[in-house]
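S.K.: Encoded as structure tokens, here's the structure I'll be asking about.
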Amino acid sequence: MLNFSFANPTKIHFGEQQIAKIKNEIPADANVLVTYGGGSIKSNGVYDQVVEALNEHTWFEFAGIEPNPSYQTCMKAVSVVKEKHIDFILAVGGGSVIDGSKFIAAAANYDGEPWDILAKGGIIKSAIALGAVLTLPATGSESNGNSVVSNLESHDKLPFASPLVLPKFAVLDPVVTYSLPERQVANGIVDAFVHAMEQYLTYDVGAKLQDRFAEGILMTLIEEGPKAFSDPDNYQVRANVMWSATMALNGLIGAGVPQDWATHMLGHEMTAVYGLDHAQTLAIVLPRMMAEQKETKRGKILQYADRVLGLDISDEEQAIDQAIAKTEAFFHSVNMPTRLSDYGLGAEVADKIVTQLERHGMTALGEREQVTLDKSRAILLASV
Ligand code: NZQ
Ligand code: ZN
């Protein structure tokens, strides 16, 4: 097992009607900014629950944080934070609202040009306190320190991470996910699944417990994910998907193990250029990434085939091919397309994305830094 330091201080309130708990989580004298997206929270009752819970607080709101939150929109919110002397941000939404709010929280206190936080790894020395009400289980953003923000002018989609933007608390009420469109349900399941794979499907370092945690998340998503479509009002199904997504990227399964993230890096570029949803890009790339990297990942792919998929691994080559095919079939089982051509895209994507990767210095990706630009190109060409 590799050395690690682990702390996850986000307090989780999980279950029905838990939004009311935010009343006691936010300091009574705080100036609160409630941030949200395009308005789904107004039609599914979440906004009303938040308003009720904040009835003794002083609060303002900032709406319109878009999917793949933009630097441009976030900077408008930074102005509101400064003007209203905000000292607590409550993000109500999916990964985009939470990620955008993390950037707002850091940018408001940043000495210098906030874009540098993303483009130049600018050091964050302080951030406004943040809490989250999660409405879309997918990213794990509700209890991690990561954020991904897009610049609409330059077509950059760049991540930053800081423990200072870890939410102080997060409310996870599975009931609020009933209103998700099917496309977003699929996005969430696939994103969480690929997060577990990025931290699991690398090479063995003897981290038995982390492997079993990751396998548990993968198996839960494979078993419960399709039920979110066939039985969408089933609370237990929604609860299991929601908790799996949080656990997939809250630091626990990734502690002490090598991590990959090459699929995500290609995916972020595809969203920046073509506007595909984050998880749509992952479902396209991951099966081809597994095939391209099958030698370096051999041991773990076989372990995944055996323990997660229950395949016979006596013929290793056949088992690896089946594991890749079954992974793609799982994406299809949650109505997620897995080919560029499903979105009217073709081989032209390869050069375009490779140019972006090169521009961002992503020339040696993956747990062994073996995913060169040539390999990324091959992966994308195989994904048409
Ligand atoms: O904007 P509203 O009206 O709220 O609608 C949203 C949005 O249109 C809608 N939605 C959310 N909850 C809903 C709902 N509609 C009905 N009922 C509900 N309960 O869903 C749409 C998509 O929301 P978004 O927040 O964009 O989705 P997601 O949670 O998948 O977040 C994706 C973003 O997170 C980043 C991605 O790159 C992308 O920008 N990621 C963040 C990570 C992190 N912080 O650790 C890691 C991930 O790998 C990922 O990169
Ligand atoms: Zn992701």
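The chains in the structure tokens are called A, B, ... from first to last as shown; in each chain the residues are counted from 1, and the ligands are counted from 1 in the order shown.
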Run DSSP on the backbone and grab whatever in segment 96-185 of chain A lands in strand (DSSP E); send it over as a PyMOL selection string.
M.R.: chain A and resi 129-134+146-151+156-161+169-172
S.K.: Would you output that residue set with all heavy atoms, as a short mmCIF file (atom, residue, chain, number, x, y, z; two decimals), in the first residue's frame?
M.R.:
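Saved as selection_32.cif:
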data_model
loop_
_atom_site.label_atom_id
_atom_site.label_comp_id
_atom_site.auth_asym_id
_atom_site.auth_seq_id
_atom_site.Cartn_x
_atom_site.Cartn_y
_atom_site.Cartn_z
N ALA A 129 -16.58 29.80 3.46
CA ALA A 129 -17.14 28.50 3.89
C ALA A 129 -18.28 28.09 2.97
O ALA A 129 -19.02 28.92 2.45
CB ALA A 129 -17.64 28.62 5.32
N LEU A 130 -18.40 26.76 2.80
CA LEU A 130 -19.33 26.22 1.80
C LEU A 130 -20.10 25.03 2.37
O LEU A 130 -19.54 24.21 3.10
CB LEU A 130 -18.46 25.76 0.62
CG LEU A 130 -19.10 25.25 -0.64
CD1 LEU A 130 -19.46 26.43 -1.53
CD2 LEU A 130 -18.11 24.35 -1.40
N GLY A 131 -21.38 24.94 2.03
CA GLY A 131 -22.17 23.73 2.31
C GLY A 131 -22.89 23.34 1.04
O GLY A 131 -22.97 24.13 0.09
N ALA A 132 -23.42 22.12 0.98
CA ALA A 132 -24.07 21.67 -0.26
C ALA A 132 -25.36 20.91 0.01
O ALA A 132 -25.45 20.15 0.98
CB ALA A 132 -23.10 20.77 -1.04
N VAL A 133 -26.34 21.15 -0.85
CA VAL A 133 -27.52 20.28 -0.93
C VAL A 133 -27.43 19.62 -2.29
O VAL A 133 -27.57 20.28 -3.32
CB VAL A 133 -28.83 21.09 -0.79
CG1 VAL A 133 -30.04 20.18 -0.98
CG2 VAL A 133 -28.89 21.79 0.57
N LEU A 134 -27.16 18.33 -2.29
CA LEU A 134 -26.91 17.62 -3.55
C LEU A 134 -28.22 17.20 -4.21
O LEU A 134 -29.09 16.61 -3.56
CB LEU A 134 -26.06 16.38 -3.28
CG LEU A 134 -25.70 15.55 -4.52
CD1 LEU A 134 -24.73 16.32 -5.41
CD2 LEU A 134 -25.10 14.21 -4.12
N ASN A 146 -12.48 18.94 -4.96
CA ASN A 146 -12.22 19.15 -6.39
C ASN A 146 -13.27 20.04 -7.04
O ASN A 146 -14.43 20.06 -6.62
CB ASN A 146 -12.24 17.81 -7.15
CG ASN A 146 -11.34 16.77 -6.54
OD1 ASN A 146 -10.35 17.12 -5.91
ND2 ASN A 146 -11.68 15.52 -6.70
N SER A 147 -12.86 20.68 -8.10
CA SER A 147 -13.78 21.51 -8.89
C SER A 147 -13.25 21.59 -10.31
O SER A 147 -12.04 21.59 -10.52
CB SER A 147 -13.84 22.91 -8.27
OG SER A 147 -14.41 23.84 -9.16
N VAL A 148 -14.17 21.61 -11.27
CA VAL A 148 -13.78 21.73 -12.68
C VAL A 148 -14.57 22.89 -13.27
O VAL A 148 -15.79 22.92 -13.18
CB VAL A 148 -14.09 20.44 -13.48
CG1 VAL A 148 -13.37 20.48 -14.83
CG2 VAL A 148 -13.69 19.19 -12.71
N VAL A 149 -13.85 23.84 -13.86
CA VAL A 149 -14.52 25.05 -14.37
C VAL A 149 -14.09 25.28 -15.82
O VAL A 149 -12.95 25.01 -16.20
CB VAL A 149 -14.15 26.27 -13.48
CG1 VAL A 149 -14.69 27.57 -14.07
CG2 VAL A 149 -14.69 26.07 -12.06
N SER A 150 -15.04 25.77 -16.63
CA SER A 150 -14.78 25.96 -18.06
C SER A 150 -14.68 27.44 -18.39
O SER A 150 -15.42 28.26 -17.85
CB SER A 150 -15.93 25.36 -18.88
OG SER A 150 -16.04 23.98 -18.63
N ASN A 151 -13.78 27.74 -19.33
CA ASN A 151 -13.70 29.09 -19.86
C ASN A 151 -14.34 29.07 -21.24
O ASN A 151 -13.84 28.42 -22.16
CB ASN A 151 -12.25 29.55 -19.94
CG ASN A 151 -12.14 31.02 -20.24
OD1 ASN A 151 -12.93 31.55 -21.02
ND2 ASN A 151 -11.20 31.69 -19.60
N ASP A 156 -11.29 26.07 -22.56
CA ASP A 156 -10.53 25.31 -21.56
C ASP A 156 -11.51 24.80 -20.52
O ASP A 156 -12.39 25.53 -20.08
CB ASP A 156 -9.52 26.23 -20.85
CG ASP A 156 -8.38 26.65 -21.75
OD1 ASP A 156 -7.86 25.78 -22.46
OD2 ASP A 156 -8.02 27.84 -21.74
N LYS A 157 -11.34 23.55 -20.13
CA LYS A 157 -12.10 23.00 -18.99
C LYS A 157 -11.07 22.43 -18.04
O LYS A 157 -10.47 21.40 -18.32
CB LYS A 157 -13.09 21.92 -19.46
CG LYS A 157 -13.89 21.34 -18.31
CD LYS A 157 -14.98 20.38 -18.73
CE LYS A 157 -15.72 19.94 -17.46
NZ LYS A 157 -16.77 18.98 -17.68
N LEU A 158 -10.83 23.14 -16.94
CA LEU A 158 -9.67 22.83 -16.10
C LEU A 158 -10.06 22.59 -14.65
O LEU A 158 -10.95 23.26 -14.11
CB LEU A 158 -8.65 23.98 -16.17
CG LEU A 158 -8.06 24.27 -17.56
CD1 LEU A 158 -7.21 25.53 -17.52
CD2 LEU A 158 -7.23 23.09 -18.05
N PRO A 159 -9.39 21.64 -14.00
CA PRO A 159 -9.68 21.35 -12.59
C PRO A 159 -8.77 22.11 -11.63
O PRO A 159 -7.67 22.52 -11.98
CB PRO A 159 -9.36 19.85 -12.51
CG PRO A 159 -8.27 19.62 -13.51
CD PRO A 159 -8.44 20.67 -14.59
N PHE A 160 -9.26 22.28 -10.40
CA PHE A 160 -8.37 22.64 -9.30
C PHE A 160 -8.84 21.87 -8.07
O PHE A 160 -9.95 21.33 -8.05
CB PHE A 160 -8.34 24.16 -9.04
CG PHE A 160 -9.49 24.70 -8.23
CD1 PHE A 160 -9.37 24.89 -6.86
CD2 PHE A 160 -10.69 25.01 -8.84
CE1 PHE A 160 -10.43 25.40 -6.11
CE2 PHE A 160 -11.76 25.53 -8.10
CZ PHE A 160 -11.63 25.71 -6.74
N ALA A 161 -7.98 21.78 -7.09
CA ALA A 161 -8.36 21.07 -5.87
C ALA A 161 -7.75 21.78 -4.67
O ALA A 161 -6.62 22.27 -4.74
CB ALA A 161 -7.85 19.63 -5.92
N PHE A 169 -20.60 20.65 5.13
CA PHE A 169 -21.63 19.62 5.27
C PHE A 169 -22.27 19.40 3.91
O PHE A 169 -22.14 20.24 3.00
CB PHE A 169 -22.71 20.05 6.29
CG PHE A 169 -23.51 21.24 5.85
CD1 PHE A 169 -24.62 21.09 5.02
CD2 PHE A 169 -23.13 22.52 6.23
CE1 PHE A 169 -25.35 22.20 4.59
CE2 PHE A 169 -23.85 23.63 5.80
CZ PHE A 169 -24.95 23.47 4.98
N ALA A 170 -22.94 18.27 3.76
CA ALA A 170 -23.71 18.01 2.53
C ALA A 170 -24.97 17.27 2.90
O ALA A 170 -24.94 16.35 3.72
CB ALA A 170 -22.87 17.21 1.54
N VAL A 171 -26.08 17.70 2.30
CA VAL A 171 -27.35 17.01 2.50
C VAL A 171 -27.62 16.14 1.28
O VAL A 171 -27.59 16.61 0.15
CB VAL A 171 -28.51 18.02 2.67
CG1 VAL A 171 -29.82 17.27 2.87
CG2 VAL A 171 -28.24 18.94 3.85
N LEU A 172 -27.86 14.85 1.54
CA LEU A 172 -28.15 13.90 0.47
C LEU A 172 -29.52 13.29 0.72
O LEU A 172 -29.66 12.37 1.54
CB LEU A 172 -27.11 12.78 0.44
CG LEU A 172 -25.76 13.03 -0.23
CD1 LEU A 172 -24.96 14.12 0.48
CD2 LEU A 172 -24.94 11.75 -0.26
#
S.K.: Report as a tab-separated table: every residue of segment 193-308 of chain A with an atom at most 9 Å from segment 354-358 of chain A, its closest pair of atoms, and their distance in Å to one decimal, counting only C-alpha atoms, with rows sorted by chain and ascending residue number.
M.R.:
residue	atom	partner	partner_atom	distance
A:Met265	CA	A:Leu357	CA	8.1
A:Leu266	CA	A:Leu357	CA	7.4
A:Glu269	CA	A:Gln356	CA	6.5
A:Val273	CA	A:Gln356	CA	8.7
S.K.: Output N, CA, C and O atoms for every residue in that selection, as a PDB file, in the first residue's frame.
M.R.:
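File written: selection.pdb
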ATOM      1  N   MET A 265      -9.360  12.976 -18.270  1.00  0.00           N
ATOM      2  CA  MET A 265      -8.668  14.089 -18.933  1.00  0.00           C
ATOM      3  C   MET A 265      -9.070  14.194 -20.401  1.00  0.00           C
ATOM      4  O   MET A 265      -9.303  15.283 -20.923  1.00  0.00           O
ATOM      5  N   LEU A 266      -9.195  13.043 -21.080  1.00  0.00           N
ATOM      6  CA  LEU A 266      -9.692  13.081 -22.467  1.00  0.00           C
ATOM      7  C   LEU A 266     -11.133  13.593 -22.479  1.00  0.00           C
ATOM      8  O   LEU A 266     -11.532  14.392 -23.327  1.00  0.00           O
ATOM      9  N   GLU A 269     -11.626  17.374 -22.203  1.00  0.00           N
ATOM     10  CA  GLU A 269     -11.360  18.074 -23.471  1.00  0.00           C
ATOM     11  C   GLU A 269     -12.533  17.910 -24.430  1.00  0.00           C
ATOM     12  O   GLU A 269     -12.889  18.835 -25.172  1.00  0.00           O
ATOM     13  N   VAL A 273     -14.716  20.992 -26.093  1.00  0.00           N
ATOM     14  CA  VAL A 273     -14.777  21.271 -27.532  1.00  0.00           C
ATOM     15  C   VAL A 273     -16.158  20.966 -28.111  1.00  0.00           C
ATOM     16  O   VAL A 273     -16.684  21.738 -28.918  1.00  0.00           O
TER      17      VAL A 273
END
S.K.: Excluding segment 98-107 of chain A and its own-chain neighbours fewer than 4 positions away, which residues fall within 6 Å of it when counting only C-alpha atoms? Please give them as a list in words.
M.R.: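 Skipping anything fewer than 4 positions along the chain leaves Pro69, Cys74, Val78, Ala91, Pro114, Ala127, Ile128, Ser147 and Val165 of chain A.
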S.K.: Write out, as a PDB file, in the first residue's frame, the residues just selected, with all heavy atoms.
M.R.:
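Output saved as result_20.pdb:
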ATOM      1  N   PRO A  69     -19.831  24.407 -15.256  1.00  0.00           N
ATOM      2  CA  PRO A  69     -19.912  25.808 -14.836  1.00  0.00           C
ATOM      3  C   PRO A  69     -18.829  26.655 -15.485  1.00  0.00           C
ATOM      4  O   PRO A  69     -17.689  26.228 -15.615  1.00  0.00           O
ATOM      5  CB  PRO A  69     -19.679  25.717 -13.320  1.00  0.00           C
ATOM      6  CG  PRO A  69     -18.952  24.435 -13.112  1.00  0.00           C
ATOM      7  CD  PRO A  69     -19.490  23.505 -14.154  1.00  0.00           C
ATOM      8  N   CYS A  74     -19.300  32.303 -12.930  1.00  0.00           N
ATOM      9  CA  CYS A  74     -18.813  32.283 -11.546  1.00  0.00           C
ATOM     10  C   CYS A  74     -18.293  33.658 -11.128  1.00  0.00           C
ATOM     11  O   CYS A  74     -18.497  34.084  -9.980  1.00  0.00           O
ATOM     12  CB  CYS A  74     -17.714  31.241 -11.371  1.00  0.00           C
ATOM     13  SG  CYS A  74     -18.320  29.562 -11.507  1.00  0.00           S
ATOM     14  N   VAL A  78     -18.952  36.083  -7.874  1.00  0.00           N
ATOM     15  CA  VAL A  78     -17.904  36.644  -6.998  1.00  0.00           C
ATOM     16  C   VAL A  78     -18.222  38.110  -6.685  1.00  0.00           C
ATOM     17  O   VAL A  78     -18.062  38.566  -5.544  1.00  0.00           O
ATOM     18  CB  VAL A  78     -16.504  36.500  -7.655  1.00  0.00           C
ATOM     19  CG1 VAL A  78     -15.455  37.311  -6.895  1.00  0.00           C
ATOM     20  CG2 VAL A  78     -16.096  35.028  -7.717  1.00  0.00           C
ATOM     21  N   ALA A  91     -24.474  25.755  -1.793  1.00  0.00           N
ATOM     22  CA  ALA A  91     -24.649  25.304  -3.175  1.00  0.00           C
ATOM     23  C   ALA A  91     -25.783  24.285  -3.216  1.00  0.00           C
ATOM     24  O   ALA A  91     -25.737  23.284  -2.507  1.00  0.00           O
ATOM     25  CB  ALA A  91     -23.349  24.668  -3.674  1.00  0.00           C
ATOM     26  N   PRO A 114      -8.242  35.404 -10.692  1.00  0.00           N
ATOM     27  CA  PRO A 114      -8.741  34.080 -10.287  1.00  0.00           C
ATOM     28  C   PRO A 114      -8.587  32.980 -11.351  1.00  0.00           C
ATOM     29  O   PRO A 114      -8.489  31.809 -11.002  1.00  0.00           O
ATOM     30  CB  PRO A 114     -10.222  34.340  -9.979  1.00  0.00           C
ATOM     31  CG  PRO A 114     -10.282  35.789  -9.636  1.00  0.00           C
ATOM     32  CD  PRO A 114      -9.241  36.454 -10.490  1.00  0.00           C
ATOM     33  N   ALA A 127     -10.731  30.478   1.647  1.00  0.00           N
ATOM     34  CA  ALA A 127     -11.943  30.407   0.828  1.00  0.00           C
ATOM     35  C   ALA A 127     -13.143  30.640   1.738  1.00  0.00           C
ATOM     36  O   ALA A 127     -13.076  30.389   2.947  1.00  0.00           O
ATOM     37  CB  ALA A 127     -12.051  29.041   0.148  1.00  0.00           C
ATOM     38  N   ILE A 128     -14.233  31.103   1.129  1.00  0.00           N
ATOM     39  CA  ILE A 128     -15.476  31.293   1.889  1.00  0.00           C
ATOM     40  C   ILE A 128     -16.023  29.912   2.263  1.00  0.00           C
ATOM     41  O   ILE A 128     -15.925  28.968   1.469  1.00  0.00           O
ATOM     42  CB  ILE A 128     -16.483  32.049   1.001  1.00  0.00           C
ATOM     43  CG1 ILE A 128     -15.802  33.311   0.521  1.00  0.00           C
ATOM     44  CG2 ILE A 128     -17.818  32.256   1.708  1.00  0.00           C
ATOM     45  CD1 ILE A 128     -16.513  34.547   0.513  1.00  0.00           C
ATOM     46  N   SER A 147     -12.859  20.683  -8.104  1.00  0.00           N
ATOM     47  CA  SER A 147     -13.780  21.507  -8.885  1.00  0.00           C
ATOM     48  C   SER A 147     -13.246  21.586 -10.310  1.00  0.00           C
ATOM     49  O   SER A 147     -12.038  21.591 -10.519  1.00  0.00           O
ATOM     50  CB  SER A 147     -13.842  22.907  -8.267  1.00  0.00           C
ATOM     51  OG  SER A 147     -14.406  23.836  -9.163  1.00  0.00           O
ATOM     52  N   VAL A 165     -11.853  24.173   0.013  1.00  0.00           N
ATOM     53  CA  VAL A 165     -13.198  24.253  -0.577  1.00  0.00           C
ATOM     54  C   VAL A 165     -14.021  22.990  -0.321  1.00  0.00           C
ATOM     55  O   VAL A 165     -15.096  22.817  -0.887  1.00  0.00           O
ATOM     56  CB  VAL A 165     -13.167  24.588  -2.088  1.00  0.00           C
ATOM     57  CG1 VAL A 165     -12.543  25.961  -2.310  1.00  0.00           C
ATOM     58  CG2 VAL A 165     -12.433  23.521  -2.907  1.00  0.00           C
TER      59      VAL A 165
END
S.K.: Find the residue from A:Lys375, A:His278, A:Lys42, A:Lys82 that sits nearest to ligand 1; use only C-alpha atoms and all ligand atoms when measuring.
M.R.: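 Among A:Lys375, A:His278, A:Lys42, A:Lys82, it is A:His278 that comes nearest to ligand 1.
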S.K.: Counting only C-alpha atoms and all ligand atoms, name the residues that have an atom within 6 Å of an atom of ligand 2; the answer should be given as a PyMOL selection string.
M.R.: chain A and resi 139+191+195
S.K.: Could you turn the residues from that selection into a file that holds N, CA, C and O atoms, as a PDB file, in the first residue's frame?
M.R.:
ATOM      1  N   THR A 139     -20.826  13.200  -9.116  1.00  0.00           N
ATOM      2  CA  THR A 139     -19.435  13.651  -9.109  1.00  0.00           C
ATOM      3  C   THR A 139     -18.691  13.413  -7.797  1.00  0.00           C
ATOM      4  O   THR A 139     -17.468  13.401  -7.790  1.00  0.00           O
ATOM      5  N   ASP A 191     -20.757   8.263 -14.293  1.00  0.00           N
ATOM      6  CA  ASP A 191     -19.658   9.054 -13.729  1.00  0.00           C
ATOM      7  C   ASP A 191     -19.124   8.387 -12.457  1.00  0.00           C
ATOM      8  O   ASP A 191     -17.910   8.193 -12.295  1.00  0.00           O
ATOM      9  N   HIS A 195     -15.439   6.866 -11.829  1.00  0.00           N
ATOM     10  CA  HIS A 195     -14.575   7.317 -10.713  1.00  0.00           C
ATOM     11  C   HIS A 195     -13.985   6.120  -9.971  1.00  0.00           C
ATOM     12  O   HIS A 195     -12.793   6.105  -9.642  1.00  0.00           O
TER      13      HIS A 195
END
S.K.: Have a look at A:Ala119, A:Val308, A:Val185, A:Ile301 and name the one nearest to ligand 1; count only C-alpha atoms and all ligand atoms.
M.R.: A:Val185
S.K.: Residues contacting ligand 1 - anything with an atom at most 7 Å away, using only C-alpha atoms and all ligand atoms - can you give me those as a count of residues only?
M.R.: 47
S.K.: Apply DSSP to the structure's backbone, then extract all residues of segment 108-345 of chain A labelled helix (DSSP H, G or I) and return them as a ChimeraX atom specification.
M.R.: /A:115-119,141-143,163-165,174-177,182-200,208-224,227-230,235-248,262-274,278-292,298-308,316-333,340-343
